[in-house]
Each structure stands twice: as C-alpha cells, then as structure tokens.
Amino acid sequence: MKTSKISGFYKLSKKERLGFVKNFADLTHEEIKTLNESTVDFGIVDRMIENAISVMPVPLGIAVNFLINGKDYLIPMAVEETSVIAAASNAAKIARVKGGFKTSSTTPVMIGQIQLIHKNPEEAKKQILGNKEKILKMADGCDPMLVKFGGGAKDINVCILDNRMVITHLLVDVRDAMGANAVNTMCETVAPFIEKITGGKVYLRIISNLAVHRLSRATAVFSKDIIGEDVVDGIIQAYLFAKSDPYRCATHNKGIMNGVDAVIIASGNDFRAVESGAHAYASLNGYSPLTKYEKNKNGDLVGSIELPTPVGLIGGATKVHPTAKICVKILGVKTGRELGEIIAAVGLAQNFAALKALASEGIQKGHMGLHARNIAIMASAKGERIDKIAEQMVKEKKIRIDRAKEIMKELE
Ligand code: MEV
C-alpha cells in the first residue's frame with residue numbers, strides 16, 4: 001500500500017526526493033530524466049505560444065501527506081512563494097489524523113454565452129426557447145466525441161439584460177476537458193441560427209468563467225488536541241473576520257488560491273480561468289470567503305470549501321507540456337472531476353495552514369529563514385556563508401542587507 005505520508009521530505013536530496021516520487025507514481029527512467037533536466041523541448045514551447053524565446057521556470061515541489069477520500073496523493077505544486085508547499089503538507093498531516101479530506105463535485109457543466117441585441121427581447125427569448133432542441137442538436141454536432149463520452153449541450157437558459165440584450169446560456173457537459181474550445185465552438189456555431197430565428201444581431205459568443213455548475217467541494221476535521229483550543233477559536237475568528245470584511249476576505253481567498261493555482265499550473269491548466277471564476281463565485285452574495293469553519297460536538301475544527309473548478313485532463317497544455325503530463329501522472333488522477341476535487345482539498349489545506357499561523361505565531365516566523373537567505377545572497381554571500389549569515393540575522397532579528405554585509409566581513 002503506497003502512502004504519501006513522509007516526514008522530512010525537505011531533508012532529502014533531489015535524487016532521493018525523485019526516488020520517492022518515482023516509487024509512488026511508477027515513473028519511468030525517461031520521466032525522471034525529464035524532471036531532472038527540468039527543461040522543456042523548445043519545439044514544444046514554440047508550438048504552445050507565439051513569439052516564444054525560452055521558458056520561465058517556476059519551482060515545482062511536492063506537497064506530501066494528503067489523504068483524500070481514503071486515497072493517498074502526492075501533489076505537485078508549481079509556485080514561486082516560500083512556505084506554500086510546507087504549509088499545505090503540514091495541514092494535510094493534521095487533517096489525516098481525523099481521516100483526511102472528503103470531497104465531492106458536480107457534473108462538469110460549463111456555460112457558453114451568446115449575446116443578442118433585439119428590439120423585442122421577450123419575443124426573441126420565446127423564439128430561442130421554442131427552438132431549444134434544434135439549438136442543442138446543432139451544438140452537439142460540433143463535437144461528436146464529447147457526445148459519445150456522455151457530454152454535450154444539455155440545456156439552454158435565456159435572460160434579458162437592460163431590456164434590450166437577450167443572453168442565451170448554453171449549458172455544456174464538457175466531461176474531462178477544460179471546455180473553452182468546445183463551448184466557444186458551439187456558441188459560434190449556433191449564433192447565426194439564433195440571429196435567423198429572432199431577426200436580432202449577435203455580438204459576443206464565448207464561455208463564461210463563472211462556472212457555477214462545475215463545483216468542487218472538500219471538507220476536513222482538524223483535531224483540537226493537535227492544534228489546541230485557542231487555535232480552533234482563532235481560526236473561527238479569522239473566518240468571521242473575512243466574512244464581514246472584503247479587505248480581509250481578499251487576503252483570505254488569496255491564501256486559498258496560493259494552493260489552488262500551484263496545482264493548476266503544475267497540471268498545465270488555465271489558472272486565470274479558475275482565479276476569475278473563484279473570485280466571481282465568492283462575490284455572488286457579497287464578496288465572501290470560499291472556505292467556512294465551525295466546531296463540531298467534540299470541539300474539533302471542521303473546515304470546508306466550495307469553488308468552481310474548470311479544469312481538465314485533455315487538451316491544452318495538460319497533454320502537451322512534458323512536465324505537466326508527469327505531474328498529472330504523479331497525481332494519479334483519472335478524471336477532470338477528480339483533479340477539481342484535489343484542487344479544492346489543497347485550497348482548504350492552504351487556507352487552514354495560513355489561518356493557523358495567523359491565529360498563533362503569525363506568518364512571518366516561517367518566512368524569515370528563507371527571506372534572510374535571499375538577503376544574504378543579495379549581499380553577494382556564496383556557498384555555506386549564505387546559511388551562516390542568514391542564521392545570524394534571524395537570531396539578531398536584523399534581516400537587512402547592510403547587516404548581511406557586516407556579518408560577511410566579520411566572517412572573513
Ligand atoms: C500569503 O501569500 C497568504 C496569506 O496572506 C493568506 C492569509 O492571510 O490568510 C498568509
């Protein structure tokens with residue numbers, strides 16, 4: 001039985017870490033070589049975007065200890081910020097004591113919007129709804145493979161805005177795709193028909209990133225015996241603060257997206273799509289936290305999260321970018337829904353870890369070591385000196401470039 005539970009992963013050498021991941025995910029020698037070299041064939045990059053000149057490598061790490069629906073996961077996370085991966089791994093370690101994360105999700109339905117301008121919007125709405133079956137059939141004709149796998153255009157909603165805009169929502173089950181290509185093609189295909197039956201003029205035909213029908217949820221119990229009753233209360237207070245104040249809520253949700261985006265980037269998905277959807281979803285009833293916290297009867301902390309997860313496993317960079325392909329293999333996910341649920345669990349873990357730190361020693365303590373190392377490097381320290389100078393500055397609580405230079409001289 002494979003486990004993602006490991007202490008001191010950070011103490012292992014790169015080779016040892018890769019060895020652990022290799023065993024967990026049955027990676028091949030070639031795949032380990034790709035990770036080891038950590039460069040991407042320029043031919044691939046050049047086909048992915050225009051005007052490519054190189055790659056911008058973002059550190060890729062592994063969050064450990066995740067137990068989700070009784071299954072162990074190693075979670076690849078691509079992120080430039082210090083402490084994010086350690087915090088997620090630590091939260092997962094605490095969560096697994098009470099059974100880990102439990103997740104669920106809705107069917108992966110995305111919305112395509114078709115904007116029609118019409119002098120008589122009520123009449124146009126009637127025409128569109130009266131031709132619903134024809135429109136759905138026409139949309140399905142764009143993607144027989146999607147239909148074959150149980151997806152396709154499922155329904156239509158129509159609303160009127162400003163008493164002149166008739167907005168058709170095409171609801172499409174996109175299965176394991178992110179869905180933008182399928183949905184946009186469908187919208188563009190049915191638009192001329194909508195113009196024809198209504199006599200109006202179509203302008204926009206595009207997917208909506210507010211993916212309210214494609215939600216992932218996760219919940220976990222964090223034992224009061226491990227984190228302490230004060231921290232349980234502190235986290236609940238932090239949640240209530242975010243609930244009442246958009247200034248705090250933006251930062252609360254930013255902490256969630258630290259984890260969410262890192263998994264999305266590692267898996268080659270579109271993090272802007274998920275970011276915009278998450279914040280729009282959080283704003284539906286006044287800007288609110290994406291997570292919730294309460295105490296259970298036992299006094300333990302119960303955390304939960306719900307957010308739209310328009311992510312896929314087919315199409316886009318997921319199937320093209322060699323590192324993303326390996327990350328998906330490490331995750332071991334078989335469906336877009338499973339990936340969305342993992343993302344929700346990581347978002348909850350990340351938020352819990354941030355609130356736990358904020359409710360106890362504060363966030364800076366964990367950051368200081370690496371910050372001090374960066375300052376030492378900026379002061380031109382090399383090799384072992386970097387750690388020595390950083391340690392000294394942390395001890396003195398004087399993490400400044402002038403002090404780093406002074407210590408460097410003292411050491412000489
Ligand atoms: C920093 O990247 C994220 C936090 O600010 C999140 C939070 O305040 O909840 C620590």
# chains A, B, ... in the order shown; residues from 1 in each chain; ligands from 1
>>> closest_atom_pairs(of="chain A", to="ligand 1", cutoff="6 Å", atoms="only C-alpha atoms and all ligand atoms", output="JSON lines")
{"residue": "A:Thr251", "atom": "CA", "partner": "ligand 1", "partner_atom_place_in_ligand_line": "8 (O)", "distance": 5.0}
{"residue": "A:His252", "atom": "CA", "partner": "ligand 1", "partner_atom_place_in_ligand_line": "9 (O)", "distance": 3.9}
{"residue": "A:Lys254", "atom": "CA", "partner": "ligand 1", "partner_atom_place_in_ligand_line": "6 (C)", "distance": 5.9}
{"residue": "A:Gly255", "atom": "CA", "partner": "ligand 1", "partner_atom_place_in_ligand_line": "6 (C)", "distance": 3.7}
{"residue": "A:Ala354", "atom": "CA", "partner": "ligand 1", "partner_atom_place_in_ligand_line": "10 (C)", "distance": 4.9}
{"residue": "A:Leu355", "atom": "CA", "partner": "ligand 1", "partner_atom_place_in_ligand_line": "9 (O)", "distance": 5.5}
>>> closest_atom_pairs(of="region 280-328 of chain A", to="region 91-104 of chain A", cutoff="10 Å", atoms="only C-alpha atoms", output="Markdown table")
| residue | atom | partner | partner_atom | distance |
| --- | --- | --- | --- | --- |
| A:Asp300 | CA | A:Lys98 | CA | 9.6 |
| A:Val302 | CA | A:Ala95 | CA | 9.9 |
| A:Gly303 | CA | A:Phe101 | CA | 9.6 |
| A:Ser304 | CA | A:Phe101 | CA | 9.3 |
| A:Ile305 | CA | A:Thr103 | CA | 9.4 |
| A:Glu306 | CA | A:Ser104 | CA | 9.5 |
>>> write_last_selection(atoms="N, CA and C atoms", output="PDB file, in the first residue's frame")
ATOM      1  N   ASP A 300     -13.608  19.889  17.843  1.00  0.00           N
ATOM      2  CA  ASP A 300     -12.621  19.932  16.752  1.00  0.00           C
ATOM      3  C   ASP A 300     -13.067  20.954  15.702  1.00  0.00           C
ATOM      4  N   VAL A 302     -13.952  22.039  12.003  1.00  0.00           N
ATOM      5  CA  VAL A 302     -14.372  21.460  10.720  1.00  0.00           C
ATOM      6  C   VAL A 302     -14.259  22.550   9.657  1.00  0.00           C
ATOM      7  N   GLY A 303     -13.434  22.298   8.667  1.00  0.00           N
ATOM      8  CA  GLY A 303     -13.252  23.267   7.577  1.00  0.00           C
ATOM      9  C   GLY A 303     -13.888  22.733   6.311  1.00  0.00           C
ATOM     10  N   SER A 304     -14.438  23.629   5.496  1.00  0.00           N
ATOM     11  CA  SER A 304     -14.983  23.196   4.214  1.00  0.00           C
ATOM     12  C   SER A 304     -14.737  24.269   3.158  1.00  0.00           C
ATOM     13  N   ILE A 305     -14.771  23.848   1.921  1.00  0.00           N
ATOM     14  CA  ILE A 305     -14.544  24.772   0.797  1.00  0.00           C
ATOM     15  C   ILE A 305     -15.448  24.374  -0.356  1.00  0.00           C
ATOM     16  N   GLU A 306     -15.874  25.365  -1.113  1.00  0.00           N
ATOM     17  CA  GLU A 306     -16.617  25.103  -2.359  1.00  0.00           C
ATOM     18  C   GLU A 306     -16.171  26.156  -3.367  1.00  0.00           C
TER      19      GLU A 306
END
>>> select_by_dssp(residues="region 12-260 of chain A", states="strand (DSSP E or B)", output="PyMOL selection string")
chain A and resi 60-68+71-78+101-105+109-117+152-161+165-173+177+201-208+215-222
>>> closest_residue(among="A:Leu370, A:Val333, A:Ala63, A:Ile53", to="Gln350 (chain A)", atoms="only C-alpha atoms")
A:Ala63
>>> closest_atom_pairs(of="region 285-355 of chain A", to="region 8-30 of chain A", cutoff="8 Å", atoms="only C-alpha atoms", output="CSV")
residue,atom,partner,partner_atom,distance
A:Lys329,CA,A:Ala25,CA,6.7
A:Ile330,CA,A:Ala25,CA,5.1
A:Leu331,CA,A:Ala25,CA,7.8
A:Gly332,CA,A:Ala25,CA,7.2
>>> residues_around(residues="Pro59 (chain A)", least_positions_apart="6", cutoff="7 Å", atoms="only C-alpha atoms", output="ChimeraX atom specification")
/A:78-80
>>> closest_residue(among="A:Ala191, A:Leu170, A:Gly286, A:Phe149", to="Ser244 (chain A)", atoms="only C-alpha atoms")
A:Gly286
>>> atom_distance(atom1="CA of Ser83 (chain A)", atom2="CA of Gly366 (chain A)")
6.9 Å
>>> select_by_dssp(residues="region 61-305 of chain A", states="helix (DSSP H, G or I)", output="PyMOL selection string")
chain A and resi 84-97+121-130+132-140+144-148+180-198+224-227+229-244+246-266+271-282
>>> residues_around(residues="Ser360 (chain A)", least_positions_apart="5", cutoff="9 Å", atoms="only C-alpha atoms", output="ChimeraX atom specification")
/A:230-231,234,355
>>> residues_around(residues="Ile264 (chain A)", least_positions_apart="4", cutoff="10 Å", atoms="only C-alpha atoms", output="PDB file with all heavy atoms, in the first residue's frame")
ATOM      1  N   PRO A  76       1.831  17.670  -6.890  1.00  0.00           N
ATOM      2  CA  PRO A  76       2.805  18.594  -7.482  1.00  0.00           C
ATOM      3  C   PRO A  76       2.251  20.023  -7.442  1.00  0.00           C
ATOM      4  O   PRO A  76       1.100  20.254  -7.792  1.00  0.00           O
ATOM      5  CB  PRO A  76       2.929  18.123  -8.934  1.00  0.00           C
ATOM      6  CG  PRO A  76       2.236  16.816  -8.997  1.00  0.00           C
ATOM      7  CD  PRO A  76       1.231  16.785  -7.902  1.00  0.00           C
ATOM      8  N   MET A  77       3.098  20.949  -7.005  1.00  0.00           N
ATOM      9  CA  MET A  77       2.669  22.348  -6.921  1.00  0.00           C
ATOM     10  C   MET A  77       3.754  23.232  -7.540  1.00  0.00           C
ATOM     11  O   MET A  77       4.920  23.130  -7.160  1.00  0.00           O
ATOM     12  CB  MET A  77       2.427  22.757  -5.457  1.00  0.00           C
ATOM     13  CG  MET A  77       1.261  22.008  -4.815  1.00  0.00           C
ATOM     14  SD  MET A  77       1.074  22.349  -3.041  1.00  0.00           S
ATOM     15  CE  MET A  77       0.263  23.938  -3.044  1.00  0.00           C
ATOM     16  N   ALA A  78       3.376  24.072  -8.462  1.00  0.00           N
ATOM     17  CA  ALA A  78       4.316  24.997  -9.108  1.00  0.00           C
ATOM     18  C   ALA A  78       4.047  26.385  -8.551  1.00  0.00           C
ATOM     19  O   ALA A  78       2.979  26.950  -8.780  1.00  0.00           O
ATOM     20  CB  ALA A  78       4.129  24.979 -10.618  1.00  0.00           C
ATOM     21  N   MET A 257      -6.000  30.552  -2.953  1.00  0.00           N
ATOM     22  CA  MET A 257      -5.538  30.458  -4.338  1.00  0.00           C
ATOM     23  C   MET A 257      -4.035  30.164  -4.431  1.00  0.00           C
ATOM     24  O   MET A 257      -3.572  29.679  -5.458  1.00  0.00           O
ATOM     25  CB  MET A 257      -5.900  31.732  -5.123  1.00  0.00           C
ATOM     26  CG  MET A 257      -7.389  32.049  -5.163  1.00  0.00           C
ATOM     27  SD  MET A 257      -8.472  30.642  -5.531  1.00  0.00           S
ATOM     28  CE  MET A 257      -8.249  30.482  -7.303  1.00  0.00           C
ATOM     29  N   GLY A 259      -2.630  27.746  -3.011  1.00  0.00           N
ATOM     30  CA  GLY A 259      -2.581  26.302  -3.221  1.00  0.00           C
ATOM     31  C   GLY A 259      -3.261  25.907  -4.524  1.00  0.00           C
ATOM     32  O   GLY A 259      -2.733  25.104  -5.303  1.00  0.00           O
ATOM     33  N   VAL A 260      -4.418  26.491  -4.752  1.00  0.00           N
ATOM     34  CA  VAL A 260      -5.214  26.143  -5.936  1.00  0.00           C
ATOM     35  C   VAL A 260      -4.403  26.397  -7.214  1.00  0.00           C
ATOM     36  O   VAL A 260      -4.246  25.515  -8.066  1.00  0.00           O
ATOM     37  CB  VAL A 260      -6.533  26.971  -5.929  1.00  0.00           C
ATOM     38  CG1 VAL A 260      -7.249  26.891  -7.268  1.00  0.00           C
ATOM     39  CG2 VAL A 260      -7.444  26.498  -4.798  1.00  0.00           C
ATOM     40  N   GLY A 268      -0.800  21.998 -15.813  1.00  0.00           N
ATOM     41  CA  GLY A 268      -0.910  22.573 -17.162  1.00  0.00           C
ATOM     42  C   GLY A 268      -2.267  23.172 -17.449  1.00  0.00           C
ATOM     43  O   GLY A 268      -2.615  23.404 -18.606  1.00  0.00           O
ATOM     44  N   ASN A 269      -3.058  23.438 -16.405  1.00  0.00           N
ATOM     45  CA  ASN A 269      -4.378  24.038 -16.636  1.00  0.00           C
ATOM     46  C   ASN A 269      -4.307  25.562 -16.604  1.00  0.00           C
ATOM     47  O   ASN A 269      -3.279  26.155 -16.289  1.00  0.00           O
ATOM     48  CB  ASN A 269      -5.370  23.503 -15.596  1.00  0.00           C
ATOM     49  CG  ASN A 269      -6.042  22.229 -16.067  1.00  0.00           C
ATOM     50  OD1 ASN A 269      -6.945  22.266 -16.906  1.00  0.00           O
ATOM     51  ND2 ASN A 269      -5.583  21.090 -15.577  1.00  0.00           N
ATOM     52  N   ASP A 270      -5.440  26.176 -16.931  1.00  0.00           N
ATOM     53  CA  ASP A 270      -5.525  27.634 -17.080  1.00  0.00           C
ATOM     54  C   ASP A 270      -5.875  28.247 -15.720  1.00  0.00           C
ATOM     55  O   ASP A 270      -7.029  28.227 -15.301  1.00  0.00           O
ATOM     56  CB  ASP A 270      -6.609  27.922 -18.135  1.00  0.00           C
ATOM     57  CG  ASP A 270      -6.848  29.394 -18.372  1.00  0.00           C
ATOM     58  OD1 ASP A 270      -6.368  30.233 -17.583  1.00  0.00           O
ATOM     59  OD2 ASP A 270      -7.534  29.708 -19.362  1.00  0.00           O
ATOM     60  N   PHE A 271      -4.839  28.790 -15.044  1.00  0.00           N
ATOM     61  CA  PHE A 271      -5.122  29.300 -13.687  1.00  0.00           C
ATOM     62  C   PHE A 271      -5.908  30.597 -13.711  1.00  0.00           C
ATOM     63  O   PHE A 271      -6.603  30.930 -12.764  1.00  0.00           O
ATOM     64  CB  PHE A 271      -3.824  29.447 -12.866  1.00  0.00           C
ATOM     65  CG  PHE A 271      -2.835  30.450 -13.389  1.00  0.00           C
ATOM     66  CD1 PHE A 271      -2.838  31.738 -12.917  1.00  0.00           C
ATOM     67  CD2 PHE A 271      -1.910  30.085 -14.339  1.00  0.00           C
ATOM     68  CE1 PHE A 271      -1.927  32.675 -13.395  1.00  0.00           C
ATOM     69  CE2 PHE A 271      -0.996  31.012 -14.830  1.00  0.00           C
ATOM     70  CZ  PHE A 271      -1.012  32.305 -14.365  1.00  0.00           C
ATOM     71  N   ARG A 272      -5.848  31.363 -14.820  1.00  0.00           N
ATOM     72  CA  ARG A 272      -6.653  32.601 -14.895  1.00  0.00           C
ATOM     73  C   ARG A 272      -8.132  32.254 -14.922  1.00  0.00           C
ATOM     74  O   ARG A 272      -8.966  32.973 -14.350  1.00  0.00           O
ATOM     75  CB  ARG A 272      -6.307  33.435 -16.131  1.00  0.00           C
ATOM     76  CG  ARG A 272      -5.004  34.197 -16.063  1.00  0.00           C
ATOM     77  CD  ARG A 272      -3.832  33.373 -16.524  1.00  0.00           C
ATOM     78  NE  ARG A 272      -4.028  32.824 -17.849  1.00  0.00           N
ATOM     79  CZ  ARG A 272      -3.561  31.650 -18.267  1.00  0.00           C
ATOM     80  NH1 ARG A 272      -2.869  30.878 -17.448  1.00  0.00           N
ATOM     81  NH2 ARG A 272      -3.790  31.200 -19.479  1.00  0.00           N
ATOM     82  N   VAL A 274      -9.582  29.708 -13.489  1.00  0.00           N
ATOM     83  CA  VAL A 274     -10.018  29.303 -12.146  1.00  0.00           C
ATOM     84  C   VAL A 274     -10.016  30.505 -11.198  1.00  0.00           C
ATOM     85  O   VAL A 274     -10.924  30.678 -10.384  1.00  0.00           O
ATOM     86  CB  VAL A 274      -9.152  28.149 -11.612  1.00  0.00           C
ATOM     87  CG1 VAL A 274      -9.596  27.731 -10.222  1.00  0.00           C
ATOM     88  CG2 VAL A 274      -9.243  26.958 -12.554  1.00  0.00           C
ATOM     89  N   THR A 309     -14.307  24.736 -10.414  1.00  0.00           N
ATOM     90  CA  THR A 309     -13.010  24.196 -10.848  1.00  0.00           C
ATOM     91  C   THR A 309     -13.060  23.810 -12.332  1.00  0.00           C
ATOM     92  O   THR A 309     -13.157  22.623 -12.658  1.00  0.00           O
ATOM     93  CB  THR A 309     -12.606  22.975  -9.999  1.00  0.00           C
ATOM     94  OG1 THR A 309     -13.735  22.094  -9.935  1.00  0.00           O
ATOM     95  CG2 THR A 309     -12.174  23.362  -8.612  1.00  0.00           C
ATOM     96  N   VAL A 311     -11.318  22.737 -14.749  1.00  0.00           N
ATOM     97  CA  VAL A 311     -10.015  22.154 -15.107  1.00  0.00           C
ATOM     98  C   VAL A 311     -10.231  20.839 -15.830  1.00  0.00           C
ATOM     99  O   VAL A 311     -11.217  20.150 -15.609  1.00  0.00           O
ATOM    100  CB  VAL A 311      -9.145  21.897 -13.856  1.00  0.00           C
ATOM    101  CG1 VAL A 311      -8.733  23.200 -13.206  1.00  0.00           C
ATOM    102  CG2 VAL A 311      -9.852  21.005 -12.846  1.00  0.00           C
ATOM    103  N   GLY A 312      -9.287  20.510 -16.701  1.00  0.00           N
ATOM    104  CA  GLY A 312      -9.441  19.291 -17.483  1.00  0.00           C
ATOM    105  C   GLY A 312      -8.163  18.494 -17.567  1.00  0.00           C
ATOM    106  O   GLY A 312      -7.115  18.890 -17.054  1.00  0.00           O
ATOM    107  N   THR A 318      -2.062  20.481 -20.632  1.00  0.00           N
ATOM    108  CA  THR A 318      -2.077  19.226 -19.860  1.00  0.00           C
ATOM    109  C   THR A 318      -1.538  18.049 -20.658  1.00  0.00           C
ATOM    110  O   THR A 318      -0.870  17.178 -20.137  1.00  0.00           O
ATOM    111  CB  THR A 318      -3.529  18.895 -19.446  1.00  0.00           C
ATOM    112  OG1 THR A 318      -4.165  20.092 -19.137  1.00  0.00           O
ATOM    113  CG2 THR A 318      -3.588  17.970 -18.278  1.00  0.00           C
ATOM    114  N   ALA A 324       3.965  18.921 -17.199  1.00  0.00           N
ATOM    115  CA  ALA A 324       2.557  18.849 -16.768  1.00  0.00           C
ATOM    116  C   ALA A 324       2.047  17.412 -16.879  1.00  0.00           C
ATOM    117  O   ALA A 324       1.340  16.922 -15.994  1.00  0.00           O
ATOM    118  CB  ALA A 324       1.696  19.788 -17.610  1.00  0.00           C
ATOM    119  N   LEU A 339      -9.479  15.788 -10.408  1.00  0.00           N
ATOM    120  CA  LEU A 339      -8.485  16.864 -10.294  1.00  0.00           C
ATOM    121  C   LEU A 339      -9.101  18.080  -9.587  1.00  0.00           C
ATOM    122  O   LEU A 339      -8.484  18.678  -8.701  1.00  0.00           O
ATOM    123  CB  LEU A 339      -7.967  17.249 -11.690  1.00  0.00           C
ATOM    124  CG  LEU A 339      -6.981  18.422 -11.738  1.00  0.00           C
ATOM    125  CD1 LEU A 339      -5.730  18.128 -10.911  1.00  0.00           C
ATOM    126  CD2 LEU A 339      -6.578  18.738 -13.188  1.00  0.00           C
ATOM    127  N   GLY A 340     -10.336  18.425  -9.966  1.00  0.00           N
ATOM    128  CA  GLY A 340     -11.015  19.568  -9.330  1.00  0.00           C
ATOM    129  C   GLY A 340     -11.167  19.349  -7.831  1.00  0.00           C
ATOM    130  O   GLY A 340     -10.978  20.271  -7.028  1.00  0.00           O
ATOM    131  N   ILE A 343      -7.904  19.838  -6.072  1.00  0.00           N
ATOM    132  CA  ILE A 343      -7.633  21.280  -6.003  1.00  0.00           C
ATOM    133  C   ILE A 343      -8.408  21.902  -4.835  1.00  0.00           C
ATOM    134  O   ILE A 343      -7.876  22.729  -4.087  1.00  0.00           O
ATOM    135  CB  ILE A 343      -7.982  21.940  -7.358  1.00  0.00           C
ATOM    136  CG1 ILE A 343      -6.911  21.565  -8.380  1.00  0.00           C
ATOM    137  CG2 ILE A 343      -8.145  23.455  -7.237  1.00  0.00           C
ATOM    138  CD1 ILE A 343      -7.275  21.872  -9.814  1.00  0.00           C
TER     139      ILE A 343
END
>>> residues_around(residues="Thr198 (chain A)", least_positions_apart="6", cutoff="12 Å", atoms="only C-alpha atoms", output="short mmCIF file (atom, residue, chain, number, x, y, z; two decimals) with all heavy atoms, in the first residue's frame")
data_model
loop_
_atom_site.label_atom_id
_atom_site.label_comp_id
_atom_site.auth_asym_id
_atom_site.auth_seq_id
_atom_site.Cartn_x
_atom_site.Cartn_y
_atom_site.Cartn_z
N LEU A 116 -27.35 38.58 -27.77
CA LEU A 116 -28.17 39.01 -28.91
C LEU A 116 -28.79 40.37 -28.58
O LEU A 116 -29.32 40.57 -27.48
CB LEU A 116 -29.28 37.98 -29.15
CG LEU A 116 -30.26 38.29 -30.28
CD1 LEU A 116 -29.75 37.70 -31.59
CD2 LEU A 116 -31.65 37.71 -29.97
N ILE A 117 -28.73 41.28 -29.53
CA ILE A 117 -29.40 42.58 -29.33
C ILE A 117 -30.69 42.54 -30.14
O ILE A 117 -30.68 42.16 -31.32
CB ILE A 117 -28.49 43.74 -29.82
CG1 ILE A 117 -27.12 43.69 -29.13
CG2 ILE A 117 -29.16 45.10 -29.60
CD1 ILE A 117 -27.14 43.84 -27.63
N HIS A 118 -31.78 42.92 -29.47
CA HIS A 118 -33.09 42.78 -30.13
C HIS A 118 -34.05 43.87 -29.66
O HIS A 118 -34.04 44.24 -28.48
CB HIS A 118 -33.66 41.39 -29.79
CG HIS A 118 -34.65 40.90 -30.78
ND1 HIS A 118 -35.97 41.33 -30.81
CD2 HIS A 118 -34.52 39.99 -31.79
CE1 HIS A 118 -36.59 40.71 -31.80
NE2 HIS A 118 -35.74 39.89 -32.42
N LYS A 119 -34.86 44.33 -30.59
CA LYS A 119 -35.82 45.40 -30.24
C LYS A 119 -36.92 44.86 -29.35
O LYS A 119 -37.50 45.58 -28.53
CB LYS A 119 -36.44 45.96 -31.52
CG LYS A 119 -35.56 47.01 -32.20
CD LYS A 119 -36.41 47.82 -33.16
CE LYS A 119 -35.75 48.05 -34.49
NZ LYS A 119 -35.82 47.07 -35.53
N ASN A 120 -37.27 43.60 -29.56
CA ASN A 120 -38.33 42.99 -28.76
C ASN A 120 -37.76 41.77 -28.01
O ASN A 120 -37.93 40.62 -28.44
CB ASN A 120 -39.48 42.57 -29.69
CG ASN A 120 -40.68 42.10 -28.91
OD1 ASN A 120 -40.58 41.81 -27.71
ND2 ASN A 120 -41.81 41.97 -29.57
N PRO A 121 -37.07 42.02 -26.89
CA PRO A 121 -36.33 40.92 -26.24
C PRO A 121 -37.23 39.77 -25.78
O PRO A 121 -36.82 38.60 -25.87
CB PRO A 121 -35.65 41.60 -25.05
CG PRO A 121 -36.13 42.99 -24.98
CD PRO A 121 -36.87 43.32 -26.22
N GLU A 122 -38.43 40.07 -25.32
CA GLU A 122 -39.33 38.98 -24.85
C GLU A 122 -39.65 38.03 -26.00
O GLU A 122 -39.66 36.81 -25.83
CB GLU A 122 -40.63 39.57 -24.27
CG GLU A 122 -40.48 40.21 -22.89
CD GLU A 122 -40.02 39.24 -21.79
OE1 GLU A 122 -40.09 38.01 -21.99
OE2 GLU A 122 -39.55 39.73 -20.75
N GLU A 123 -39.93 38.60 -27.17
CA GLU A 123 -40.27 37.78 -28.34
C GLU A 123 -39.05 36.93 -28.74
O GLU A 123 -39.18 35.74 -29.04
CB GLU A 123 -40.69 38.72 -29.49
CG GLU A 123 -41.21 38.04 -30.73
CD GLU A 123 -42.28 36.98 -30.47
OE1 GLU A 123 -43.14 37.19 -29.58
OE2 GLU A 123 -42.24 35.91 -31.14
N ALA A 124 -37.87 37.55 -28.71
CA ALA A 124 -36.64 36.82 -29.08
C ALA A 124 -36.41 35.66 -28.11
O ALA A 124 -36.07 34.54 -28.51
CB ALA A 124 -35.45 37.76 -29.06
N LYS A 125 -36.63 35.92 -26.84
CA LYS A 125 -36.46 34.87 -25.82
C LYS A 125 -37.37 33.68 -26.13
O LYS A 125 -36.94 32.52 -26.08
CB LYS A 125 -36.78 35.47 -24.43
CG LYS A 125 -36.64 34.49 -23.29
CD LYS A 125 -36.88 35.17 -21.94
CE LYS A 125 -36.91 34.16 -20.82
NZ LYS A 125 -37.09 34.74 -19.51
N LYS A 126 -38.63 34.01 -26.47
CA LYS A 126 -39.60 32.94 -26.78
C LYS A 126 -39.12 32.10 -27.97
O LYS A 126 -39.18 30.87 -27.95
CB LYS A 126 -40.95 33.61 -27.12
CG LYS A 126 -42.11 33.02 -26.33
CD LYS A 126 -43.42 33.63 -26.73
CE LYS A 126 -43.80 34.82 -25.83
NZ LYS A 126 -44.88 35.64 -26.39
N GLN A 127 -38.61 32.80 -29.00
CA GLN A 127 -38.13 32.10 -30.20
C GLN A 127 -36.96 31.16 -29.86
O GLN A 127 -36.91 30.03 -30.33
CB GLN A 127 -37.64 33.12 -31.24
CG GLN A 127 -38.74 33.91 -31.92
CD GLN A 127 -39.68 33.02 -32.72
OE1 GLN A 127 -39.29 31.95 -33.17
NE2 GLN A 127 -40.93 33.43 -32.84
N ILE A 128 -36.06 31.68 -29.03
CA ILE A 128 -34.87 30.86 -28.69
C ILE A 128 -35.30 29.62 -27.91
O ILE A 128 -34.92 28.49 -28.23
CB ILE A 128 -33.83 31.70 -27.90
CG1 ILE A 128 -33.30 32.84 -28.78
CG2 ILE A 128 -32.68 30.82 -27.42
CD1 ILE A 128 -32.53 33.91 -28.02
N LEU A 129 -36.13 29.83 -26.89
CA LEU A 129 -36.55 28.69 -26.06
C LEU A 129 -37.41 27.71 -26.88
O LEU A 129 -37.32 26.49 -26.69
CB LEU A 129 -37.31 29.18 -24.82
CG LEU A 129 -36.42 29.87 -23.77
CD1 LEU A 129 -37.27 30.46 -22.64
CD2 LEU A 129 -35.37 28.92 -23.21
N GLY A 130 -38.19 28.26 -27.82
CA GLY A 130 -39.02 27.40 -28.69
C GLY A 130 -38.18 26.52 -29.61
O GLY A 130 -38.63 25.49 -30.09
N ASN A 131 -36.95 26.95 -29.87
CA ASN A 131 -36.06 26.18 -30.76
C ASN A 131 -34.95 25.46 -29.99
O ASN A 131 -33.92 25.09 -30.56
CB ASN A 131 -35.43 27.12 -31.78
CG ASN A 131 -36.40 27.46 -32.90
OD1 ASN A 131 -36.57 26.70 -33.83
ND2 ASN A 131 -37.05 28.60 -32.77
N VAL A 166 -30.49 40.00 -25.11
CA VAL A 166 -31.03 38.66 -24.82
C VAL A 166 -29.83 37.73 -24.72
O VAL A 166 -29.13 37.49 -25.71
CB VAL A 166 -31.99 38.21 -25.94
CG1 VAL A 166 -32.64 36.88 -25.58
CG2 VAL A 166 -33.04 39.27 -26.21
N ALA A 191 -24.86 30.63 -33.14
CA ALA A 191 -25.19 32.07 -33.17
C ALA A 191 -25.93 32.49 -34.45
O ALA A 191 -26.96 33.18 -34.35
CB ALA A 191 -23.92 32.89 -32.97
N PRO A 192 -25.46 32.09 -35.65
CA PRO A 192 -26.19 32.51 -36.87
C PRO A 192 -27.65 32.01 -36.86
O PRO A 192 -28.54 32.71 -37.33
CB PRO A 192 -25.40 31.87 -38.01
CG PRO A 192 -24.05 31.60 -37.44
CD PRO A 192 -24.25 31.32 -35.99
#
>>> closest_residue(among="A:Glu195, A:Asp46, A:Glu133, A:Glu275", to="Asn209 (chain A)", atoms="only C-alpha atoms")
A:Glu275
